[in-house]
Every structure is written in C-alpha cells, then in structure tokens.
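Engineer: Just so it is clear, I am handing over coords_9.cif, which has mmCIF, C-alpha atoms.
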```
data_structure
loop_
_atom_site.label_atom_id
_atom_site.label_comp_id
_atom_site.auth_asym_id
_atom_site.auth_seq_id
_atom_site.Cartn_x
_atom_site.Cartn_y
_atom_site.Cartn_z
CA MET A 1 -10.28 -14.11 -16.82
CA ARG A 2 -7.68 -12.43 -14.62
CA ARG A 3 -8.86 -12.31 -11.03
CA ARG A 4 -8.87 -8.82 -9.55
CA ILE A 5 -7.35 -9.03 -6.08
CA TYR A 6 -7.07 -6.62 -3.18
CA LEU A 7 -3.71 -6.95 -1.46
CA GLU A 8 -4.30 -5.97 2.17
CA THR A 9 -1.55 -4.42 4.30
CA SER A 10 -0.66 -7.56 6.28
CA LEU A 11 0.90 -9.22 3.21
CA TRP A 12 3.68 -6.82 2.34
CA GLY A 13 5.99 -7.40 5.30
CA PHE A 14 6.09 -11.16 4.82
CA TYR A 15 7.87 -10.80 1.47
CA HIS A 16 11.07 -9.79 3.29
CA ASP A 17 10.53 -11.70 6.55
CA ARG A 18 13.58 -13.90 7.14
CA SER A 19 12.31 -15.76 10.21
CA GLU A 20 11.98 -19.51 9.98
CA ALA A 21 8.58 -19.28 11.68
CA ASN A 22 7.22 -17.29 8.74
CA ARG A 23 8.97 -19.20 5.95
CA TRP A 24 5.71 -20.59 4.52
CA ARG A 25 4.05 -17.19 4.51
CA ARG A 26 7.10 -15.58 2.90
CA GLU A 27 7.14 -18.22 0.17
CA ALA A 28 3.40 -17.90 -0.45
CA VAL A 29 3.57 -14.10 -0.70
CA ARG A 30 6.55 -14.31 -3.04
CA MET A 31 4.78 -16.86 -5.24
CA LEU A 32 1.63 -14.74 -5.32
CA LEU A 33 3.53 -11.58 -6.24
CA ASP A 34 5.48 -13.48 -8.92
CA GLN A 35 2.13 -14.56 -10.39
CA VAL A 36 0.89 -10.97 -10.19
CA ARG A 37 3.98 -9.82 -12.10
CA ALA A 38 3.37 -12.59 -14.66
CA GLY A 39 -0.12 -11.22 -15.27
CA ARG A 40 -2.20 -13.97 -13.65
CA PHE A 41 -3.87 -11.50 -11.28
CA ALA A 42 -4.79 -7.83 -11.47
CA PRO A 43 -3.55 -6.33 -8.17
CA PHE A 44 -5.22 -3.49 -6.26
CA VAL A 45 -4.67 -1.69 -2.98
CA SER A 46 -6.56 1.15 -1.34
CA THR A 47 -5.32 4.46 -0.03
CA LEU A 48 -5.72 2.83 3.39
CA VAL A 49 -3.02 0.27 2.50
CA LEU A 50 -0.77 3.09 1.30
CA ASP A 51 -1.43 5.10 4.48
CA GLU A 52 -0.71 2.12 6.73
CA ILE A 53 2.56 1.34 4.95
CA THR A 54 3.56 5.02 4.89
CA ALA A 55 2.98 5.19 8.67
CA SER A 56 5.36 2.29 9.32
CA ASP A 57 8.94 2.77 10.49
CA GLU A 58 11.97 2.73 8.24
CA PRO A 59 13.36 0.64 6.66
CA PHE A 60 10.01 -1.15 6.36
CA ARG A 61 8.20 1.84 4.85
CA THR A 62 10.57 2.32 1.90
CA ARG A 63 11.06 -1.40 1.39
CA ASP A 64 7.33 -2.14 1.28
CA LEU A 65 6.44 0.89 -0.84
CA ASP A 66 9.14 -0.10 -3.34
CA LEU A 67 7.80 -3.66 -3.42
CA LEU A 68 4.26 -2.41 -3.90
CA GLN A 69 5.40 -0.27 -6.83
CA SER A 70 7.40 -3.13 -8.37
CA VAL A 71 4.25 -5.27 -8.51
CA GLY A 72 2.36 -2.60 -10.44
CA VAL A 73 -0.67 -2.32 -8.19
CA GLU A 74 -3.53 0.00 -9.00
CA VAL A 75 -5.03 2.17 -6.30
CA LEU A 76 -8.71 1.47 -5.82
CA GLN A 77 -10.91 4.55 -6.11
CA VAL A 78 -13.64 4.48 -3.48
CA ASN A 79 -15.62 7.41 -2.08
CA PRO A 80 -14.25 7.95 1.47
CA ALA A 81 -17.63 9.02 2.90
CA ASP A 82 -19.37 5.93 1.48
CA LEU A 83 -16.54 3.76 2.75
CA ALA A 84 -16.89 5.20 6.26
CA ARG A 85 -20.66 4.67 6.21
CA LEU A 86 -20.29 1.00 5.30
CA ALA A 87 -17.63 0.49 7.98
CA ASP A 88 -20.05 2.14 10.44
CA LEU A 89 -22.72 -0.41 9.46
CA TYR A 90 -20.27 -3.25 10.05
CA GLN A 91 -19.34 -1.82 13.41
CA ALA A 92 -22.99 -1.28 14.42
CA ALA A 93 -23.62 -4.95 13.59
CA GLY A 94 -20.90 -5.93 16.07
CA ILE A 95 -18.63 -7.57 13.50
CA LEU A 96 -15.50 -5.99 15.03
CA PRO A 97 -14.98 -3.29 17.65
CA GLU A 98 -13.78 0.27 16.94
CA ARG A 99 -10.12 -0.59 17.53
CA HIS A 100 -10.25 -2.79 14.40
CA ARG A 101 -11.94 -0.19 12.20
CA ALA A 102 -9.13 -0.36 9.62
CA ASP A 103 -9.97 -4.02 9.02
CA LEU A 104 -13.61 -3.08 8.43
CA LEU A 105 -12.49 -0.38 5.99
CA HIS A 106 -10.47 -2.95 4.02
CA ALA A 107 -13.57 -5.16 3.79
CA ALA A 108 -15.68 -2.17 2.77
CA CYS A 109 -13.23 -1.36 -0.04
CA VAL A 110 -13.78 -4.77 -1.58
CA SER A 111 -17.53 -4.69 -0.91
CA MET A 112 -17.82 -1.42 -2.82
CA SER A 113 -15.68 -2.47 -5.79
CA ASP A 114 -15.63 -5.09 -8.52
CA LEU A 115 -12.73 -7.04 -7.02
CA HIS A 116 -12.91 -10.81 -6.70
CA ILE A 117 -10.74 -11.57 -3.66
CA LEU A 118 -9.46 -9.78 -0.57
CA VAL A 119 -6.06 -11.37 0.07
CA THR A 120 -4.84 -11.09 3.66
CA TYR A 121 -2.90 -12.73 6.46
CA ASN A 122 -5.15 -11.09 9.02
CA CYS A 123 -6.93 -14.31 9.96
CA ARG A 124 -8.34 -12.96 13.21
CA HIS A 125 -10.21 -9.98 11.72
CA LEU A 126 -10.59 -10.61 7.98
CA ALA A 127 -9.93 -14.16 6.75
CA ASN A 128 -12.26 -15.48 9.42
CA TYR A 129 -15.54 -17.26 8.83
CA ARG A 130 -17.51 -15.35 11.49
CA VAL A 131 -16.25 -11.98 10.29
CA VAL A 132 -16.90 -12.73 6.61
CA GLN A 133 -20.41 -14.00 7.36
CA GLY A 134 -21.12 -10.80 9.30
CA ILE A 135 -19.81 -8.64 6.47
CA TRP A 136 -21.90 -10.50 3.91
CA ALA A 137 -25.01 -10.24 6.11
CA VAL A 138 -24.63 -6.46 6.40
CA ASN A 139 -23.85 -6.19 2.69
CA LEU A 140 -26.96 -8.20 1.81
CA MET A 141 -29.17 -5.99 4.01
CA HIS A 142 -27.78 -2.77 2.53
CA GLY A 143 -27.39 -3.65 -1.13
CA TYR A 144 -23.65 -4.33 -1.27
CA ARG A 145 -21.89 -7.31 -2.78
CA THR A 146 -21.54 -10.76 -1.25
CA ASP A 147 -19.84 -12.40 -4.23
CA PHE A 148 -16.21 -11.88 -3.22
CA LEU A 149 -13.87 -14.11 -1.25
CA VAL A 150 -11.51 -13.40 1.64
CA MET A 151 -8.48 -15.66 1.44
CA THR A 152 -4.84 -16.08 2.40
CA PRO A 153 -2.14 -16.15 -0.30
CA GLU A 154 -1.86 -19.94 -0.04
CA GLU A 155 -5.51 -20.20 -1.03
CA VAL A 156 -5.14 -17.81 -3.98
CA ILE A 157 -1.93 -18.79 -5.72
CA ASP A 158 -2.09 -21.02 -8.75
CA TYR A 159 -0.13 -24.18 -8.03
CA ASP A 160 -0.58 -25.50 -11.57
CA GLU A 161 2.64 -24.62 -13.39
CA THR A 162 0.93 -24.98 -16.76
CA ALA A 163 -1.92 -22.56 -16.07
CA ASP A 164 -1.95 -19.59 -18.37
CA GLY A 165 -3.74 -17.23 -16.02
#
```
Now, as a test, write the supplied structure out as structure tokens.

Structural biologist:
Amino acid sequence: MRRRIYLETSLWGFYHDRSEANRWRREAVRMLLDQVRAGRFAPFVSTLVLDEITASDEPFRTRDLDLLQSVGVEVLQVNPADLARLADLYQAAGILPERHRADLLHAACVSMSDLHILVTYNCRHLANYRVVQGIWAVNLMHGYRTDFLVMTPEEVIDYDETADG
C-alpha cells in the first residue's frame, strides 16, 4: 500500500539548500521526493502549504512552487471552518501558543484526513513528542484520528533499494 504523506512547508526549501550544515537534510528531502516521483508515496499538501510558499520571497517562491508541481502533489481538501475549530482546540489545550497557529493547522489537516504521515523538519513544533502527544490527546477527546505519524524525511524514506513501494 502506498503511504499517503503530507509534505509540510518546512521541507521544500531544503531541496535547494546548498549549505554544508544542511547537507543531510537536503539529501533526505531529495531522496524522499525521488521516491514520491517513483510512486512509493502519495504526496499531499494543504492550501496552507501553498499560501506559505506563495508568501515567500523570490526566487524561493517560484523555485519551491515549481518543485511542488514537479512532484505531482495533490491539494488536500479540508473544510476551513472545521480546520480552524480543531486548531482552536489544540490551542486551548496549550499545545502551542497563538504565534505557532500555522503549525497547529498543519496538524489539524492530517487529523481531519486519511493521510498516514505528516512529514516535516519542524522538530520544535510538529515532530516533537510532547506536541504529538498533546495533539493525539485532543483528537481522542473530540473524535479525531490518532493513527497517523509525525516524522522527518529521514524516518520516512525507504532505504531498501529493492522495495517496490
């Protein structure tokens, strides 16, 4: 079964990052996107990802939007009012403060969908044990899913060269 993955905004810039400090992240993102192109994963983004990339400066905006299109992502369809309500519940539970609302909205997108994994490099506000446990606790109390993972690209990519997907 192809895993359905949500590619959060933090990933896209690493594909083109030339700094030595981010070499491992660049390689992991490139490997993940190569595996997406090969059909091992079904990639999704939300309108929030598109909005965040569109709001970035040039040349990053065009570069990242072109990359996103080249991967063939689907845009997740989630009711904006329902999404906002779930993010409000996360915020009321003290998972993250208002200034990190976008991160809560990304988590809500996955919670309200049938995706398997939220893939991110935002380890402070998303791929973080305390945050994920808080999200799952709120989801459990309000009837949303707790059966998805939040992982970095290194944790998602298939290192077995012989795997067929």

Engineer: Apply the PyMOL selection byres ((chain A and resi 153) around 8) to the displayed file and report the matching residues as JSON, numbers by chain.

Structural biologist: {"A": [25, 28, 29, 32, 119, 120, 121, 151, 152, 154, 155, 156, 157]}

Engineer: I need the residue set behind the PyMOL selection byres ((chain A and resi 95-104) around 8) for this file; please write it as an MDAnalysis selection string.

Structural biologist: chainID A and resid 48 87 90:94 105:108 125:126 131 134:135

Engineer: Give me, as a PyMOL selection string, all polymer residues having an atom no more than 12 Å from A:Ser56, counting all atoms listed in the file and skipping those fewer than 6 positions away in the same chain.

Structural biologist: chain A and resi 9-10+12-13+49-50+62-65

Engineer: If the PyMOL selection byres ((chain A and resi 38) around 12) were run on this exact file, what residues would it hold? Put them as a compact mmCIF listing (two decimals) with C-alpha atoms, in the coordinates of the input.

Structural biologist:
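result-v7.txt written:
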```
# COMPACT_ATOMS: atom_id res chain seq x y z
CA ARG A 2 -7.68 -12.43 -14.62
CA MET A 31 4.78 -16.86 -5.24
CA LEU A 32 1.63 -14.74 -5.32
CA LEU A 33 3.53 -11.58 -6.24
CA ASP A 34 5.48 -13.48 -8.92
CA GLN A 35 2.13 -14.56 -10.39
CA VAL A 36 0.89 -10.97 -10.19
CA ARG A 37 3.98 -9.82 -12.10
CA GLY A 39 -0.12 -11.22 -15.27
CA ARG A 40 -2.20 -13.97 -13.65
CA PHE A 41 -3.87 -11.50 -11.28
CA ALA A 42 -4.79 -7.83 -11.47
CA PRO A 43 -3.55 -6.33 -8.17
CA VAL A 71 4.25 -5.27 -8.51
CA GLY A 72 2.36 -2.60 -10.44
CA ASP A 158 -2.09 -21.02 -8.75
CA ALA A 163 -1.92 -22.56 -16.07
CA ASP A 164 -1.95 -19.59 -18.37
CA GLY A 165 -3.74 -17.23 -16.02
```

Engineer: Which distance in Å separates atom CA of A:Asn139 and atom CA of A:Ile5, to one decimal?

Structural biologist: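 One can read the atom CA of A:Asn139 to atom CA of A:Ile5 distance as 18.9 Å.
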
Engineer: Select all residues near (-3.9, 2.5, -0.9) (cut-off 12 Å, inclusive, file coordinates), counting all atoms listed in the file, and output them as a list in words.

Structural biologist: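 Residues lying no farther than 12 Å from the given point: Tyr6, Leu7, Glu8, Thr9, Pro43, Phe44, Val45, Ser46, Thr47, Leu48, Val49, Leu50, Asp51, Glu52, Ile53, Thr54, Leu65, Leu68, Gln69, Val73, Glu74, Val75, Leu76, Gln77, Val78, Pro80, Leu105, His106 and Cys109 of chain A.
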
Engineer: Show me, as a PyMOL selection string, the residues that have an atom within 8 Å of A:Arg145 when counting all atoms listed in the file, minus same-chain residues fewer than 5 positions from it.

Structural biologist: chain A and resi 111-112+136+139-140

Engineer: Tell me, in Å to one decimal, how far atom CA of A:Arg26 is from atom CA of A:Met1.

Structural biologist: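 Straight-line distance from atom CA of A:Arg26 to atom CA of A:Met1 works out to 26.3 Å.
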
Engineer: Any idea what the distance is between atom CA of A:Pro59 and atom CA of A:Arg124?

Structural biologist: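 According to the coordinates, atom CA of A:Pro59 and atom CA of A:Arg124 are separated by 26.4 Å.
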
Engineer: With all atoms listed in the file as the basis for distance, which of A:Asp114, A:Leu149, A:Tyr144, A:Arg23 is at the shortest distance from A:Asn128?

Structural biologist: A:Leu149

Engineer: Could you model N, CA and C atoms for stretch 117-150 of chain A and present them as a PDB file, in the coordinates of the input?

Structural biologist:
```
ATOM      1  N   ILE A 117     -11.287 -10.954  -4.870  1.00  0.00           N
ATOM      2  CA  ILE A 117     -10.740 -11.570  -3.660  1.00  0.00           C
ATOM      3  C   ILE A 117     -10.003 -10.521  -2.822  1.00  0.00           C
ATOM      4  N   LEU A 118     -10.256 -10.533  -1.532  1.00  0.00           N
ATOM      5  CA  LEU A 118      -9.460  -9.780  -0.570  1.00  0.00           C
ATOM      6  C   LEU A 118      -8.416 -10.753  -0.051  1.00  0.00           C
ATOM      7  N   VAL A 119      -7.144 -10.475  -0.328  1.00  0.00           N
ATOM      8  CA  VAL A 119      -6.060 -11.370   0.070  1.00  0.00           C
ATOM      9  C   VAL A 119      -5.398 -10.776   1.322  1.00  0.00           C
ATOM     10  N   THR A 120      -5.320 -11.586   2.378  1.00  0.00           N
ATOM     11  CA  THR A 120      -4.840 -11.090   3.660  1.00  0.00           C
ATOM     12  C   THR A 120      -4.212 -12.206   4.475  1.00  0.00           C
ATOM     13  N   TYR A 121      -3.358 -11.813   5.418  1.00  0.00           N
ATOM     14  CA  TYR A 121      -2.900 -12.730   6.460  1.00  0.00           C
ATOM     15  C   TYR A 121      -3.523 -12.361   7.795  1.00  0.00           C
ATOM     16  N   ASN A 122      -4.459 -11.460   7.794  1.00  0.00           N
ATOM     17  CA  ASN A 122      -5.150 -11.090   9.020  1.00  0.00           C
ATOM     18  C   ASN A 122      -6.296 -12.090   9.224  1.00  0.00           C
ATOM     19  N   CYS A 123      -5.957 -13.219   9.801  1.00  0.00           N
ATOM     20  CA  CYS A 123      -6.930 -14.310   9.960  1.00  0.00           C
ATOM     21  C   CYS A 123      -7.855 -14.093  11.159  1.00  0.00           C
ATOM     22  N   ARG A 124      -7.495 -13.231  12.052  1.00  0.00           N
ATOM     23  CA  ARG A 124      -8.340 -12.960  13.210  1.00  0.00           C
ATOM     24  C   ARG A 124      -9.484 -12.016  12.843  1.00  0.00           C
ATOM     25  N   HIS A 125      -9.217 -11.029  11.978  1.00  0.00           N
ATOM     26  CA  HIS A 125     -10.210  -9.980  11.720  1.00  0.00           C
ATOM     27  C   HIS A 125     -10.689  -9.896  10.285  1.00  0.00           C
ATOM     28  N   LEU A 126     -10.130 -10.664   9.375  1.00  0.00           N
ATOM     29  CA  LEU A 126     -10.590 -10.610   7.980  1.00  0.00           C
ATOM     30  C   LEU A 126     -10.813 -11.998   7.396  1.00  0.00           C
ATOM     31  N   ALA A 127      -9.782 -12.802   7.301  1.00  0.00           N
ATOM     32  CA  ALA A 127      -9.930 -14.160   6.750  1.00  0.00           C
ATOM     33  C   ALA A 127     -10.430 -15.068   7.864  1.00  0.00           C
ATOM     34  N   ASN A 128     -11.651 -14.811   8.276  1.00  0.00           N
ATOM     35  CA  ASN A 128     -12.260 -15.480   9.420  1.00  0.00           C
ATOM     36  C   ASN A 128     -13.730 -15.693   9.105  1.00  0.00           C
ATOM     37  N   TYR A 129     -14.181 -16.911   9.228  1.00  0.00           N
ATOM     38  CA  TYR A 129     -15.540 -17.260   8.830  1.00  0.00           C
ATOM     39  C   TYR A 129     -16.600 -16.371   9.480  1.00  0.00           C
ATOM     40  N   ARG A 130     -16.515 -16.162  10.786  1.00  0.00           N
ATOM     41  CA  ARG A 130     -17.510 -15.350  11.490  1.00  0.00           C
ATOM     42  C   ARG A 130     -17.526 -13.919  10.974  1.00  0.00           C
ATOM     43  N   VAL A 131     -16.350 -13.360  10.776  1.00  0.00           N
ATOM     44  CA  VAL A 131     -16.250 -11.980  10.290  1.00  0.00           C
ATOM     45  C   VAL A 131     -16.815 -11.873   8.873  1.00  0.00           C
ATOM     46  N   VAL A 132     -16.426 -12.770   7.994  1.00  0.00           N
ATOM     47  CA  VAL A 132     -16.900 -12.730   6.610  1.00  0.00           C
ATOM     48  C   VAL A 132     -18.422 -12.899   6.555  1.00  0.00           C
ATOM     49  N   GLN A 133     -18.957 -13.814   7.338  1.00  0.00           N
ATOM     50  CA  GLN A 133     -20.410 -14.000   7.360  1.00  0.00           C
ATOM     51  C   GLN A 133     -21.113 -12.733   7.841  1.00  0.00           C
ATOM     52  N   GLY A 134     -20.548 -12.065   8.826  1.00  0.00           N
ATOM     53  CA  GLY A 134     -21.120 -10.800   9.300  1.00  0.00           C
ATOM     54  C   GLY A 134     -21.073  -9.715   8.240  1.00  0.00           C
ATOM     55  N   ILE A 135     -19.957  -9.624   7.550  1.00  0.00           N
ATOM     56  CA  ILE A 135     -19.810  -8.640   6.470  1.00  0.00           C
ATOM     57  C   ILE A 135     -20.830  -8.912   5.372  1.00  0.00           C
ATOM     58  N   TRP A 136     -20.944 -10.163   4.965  1.00  0.00           N
ATOM     59  CA  TRP A 136     -21.900 -10.500   3.910  1.00  0.00           C
ATOM     60  C   TRP A 136     -23.334 -10.234   4.352  1.00  0.00           C
ATOM     61  N   ALA A 137     -23.653 -10.496   5.614  1.00  0.00           N
ATOM     62  CA  ALA A 137     -25.010 -10.240   6.110  1.00  0.00           C
ATOM     63  C   ALA A 137     -25.338  -8.752   6.038  1.00  0.00           C
ATOM     64  N   VAL A 138     -24.425  -7.913   6.481  1.00  0.00           N
ATOM     65  CA  VAL A 138     -24.630  -6.460   6.400  1.00  0.00           C
ATOM     66  C   VAL A 138     -24.725  -6.031   4.943  1.00  0.00           C
ATOM     67  N   ASN A 139     -23.828  -6.551   4.111  1.00  0.00           N
ATOM     68  CA  ASN A 139     -23.850  -6.190   2.690  1.00  0.00           C
ATOM     69  C   ASN A 139     -25.189  -6.567   2.046  1.00  0.00           C
ATOM     70  N   LEU A 140     -25.685  -7.736   2.362  1.00  0.00           N
ATOM     71  CA  LEU A 140     -26.960  -8.200   1.810  1.00  0.00           C
ATOM     72  C   LEU A 140     -28.101  -7.276   2.236  1.00  0.00           C
ATOM     73  N   MET A 141     -28.106  -6.874   3.493  1.00  0.00           N
ATOM     74  CA  MET A 141     -29.170  -5.990   4.010  1.00  0.00           C
ATOM     75  C   MET A 141     -29.128  -4.592   3.408  1.00  0.00           C
ATOM     76  N   HIS A 142     -27.938  -4.151   2.986  1.00  0.00           N
ATOM     77  CA  HIS A 142     -27.780  -2.770   2.530  1.00  0.00           C
ATOM     78  C   HIS A 142     -27.423  -2.639   1.053  1.00  0.00           C
ATOM     79  N   GLY A 143     -27.566  -3.724   0.309  1.00  0.00           N
ATOM     80  CA  GLY A 143     -27.390  -3.650  -1.130  1.00  0.00           C
ATOM     81  C   GLY A 143     -25.957  -3.681  -1.639  1.00  0.00           C
ATOM     82  N   TYR A 144     -25.044  -4.185  -0.825  1.00  0.00           N
ATOM     83  CA  TYR A 144     -23.650  -4.330  -1.270  1.00  0.00           C
ATOM     84  C   TYR A 144     -23.383  -5.775  -1.652  1.00  0.00           C
ATOM     85  N   ARG A 145     -22.260  -6.001  -2.252  1.00  0.00           N
ATOM     86  CA  ARG A 145     -21.890  -7.310  -2.780  1.00  0.00           C
ATOM     87  C   ARG A 145     -21.634  -8.361  -1.710  1.00  0.00           C
ATOM     88  N   THR A 146     -21.908  -9.600  -2.078  1.00  0.00           N
ATOM     89  CA  THR A 146     -21.540 -10.760  -1.250  1.00  0.00           C
ATOM     90  C   THR A 146     -20.829 -11.807  -2.101  1.00  0.00           C
ATOM     91  N   ASP A 147     -20.410 -11.423  -3.296  1.00  0.00           N
ATOM     92  CA  ASP A 147     -19.840 -12.400  -4.230  1.00  0.00           C
ATOM     93  C   ASP A 147     -18.319 -12.302  -4.334  1.00  0.00           C
ATOM     94  N   PHE A 148     -17.668 -11.911  -3.249  1.00  0.00           N
ATOM     95  CA  PHE A 148     -16.210 -11.880  -3.220  1.00  0.00           C
ATOM     96  C   PHE A 148     -15.727 -12.830  -2.134  1.00  0.00           C
ATOM     97  N   LEU A 149     -14.472 -13.199  -2.224  1.00  0.00           N
ATOM     98  CA  LEU A 149     -13.870 -14.110  -1.250  1.00  0.00           C
ATOM     99  C   LEU A 149     -12.850 -13.365  -0.403  1.00  0.00           C
ATOM    100  N   VAL A 150     -12.584 -13.887   0.777  1.00  0.00           N
ATOM    101  CA  VAL A 150     -11.510 -13.400   1.640  1.00  0.00           C
ATOM    102  C   VAL A 150     -10.616 -14.594   1.893  1.00  0.00           C
TER     103      VAL A 150
END
```
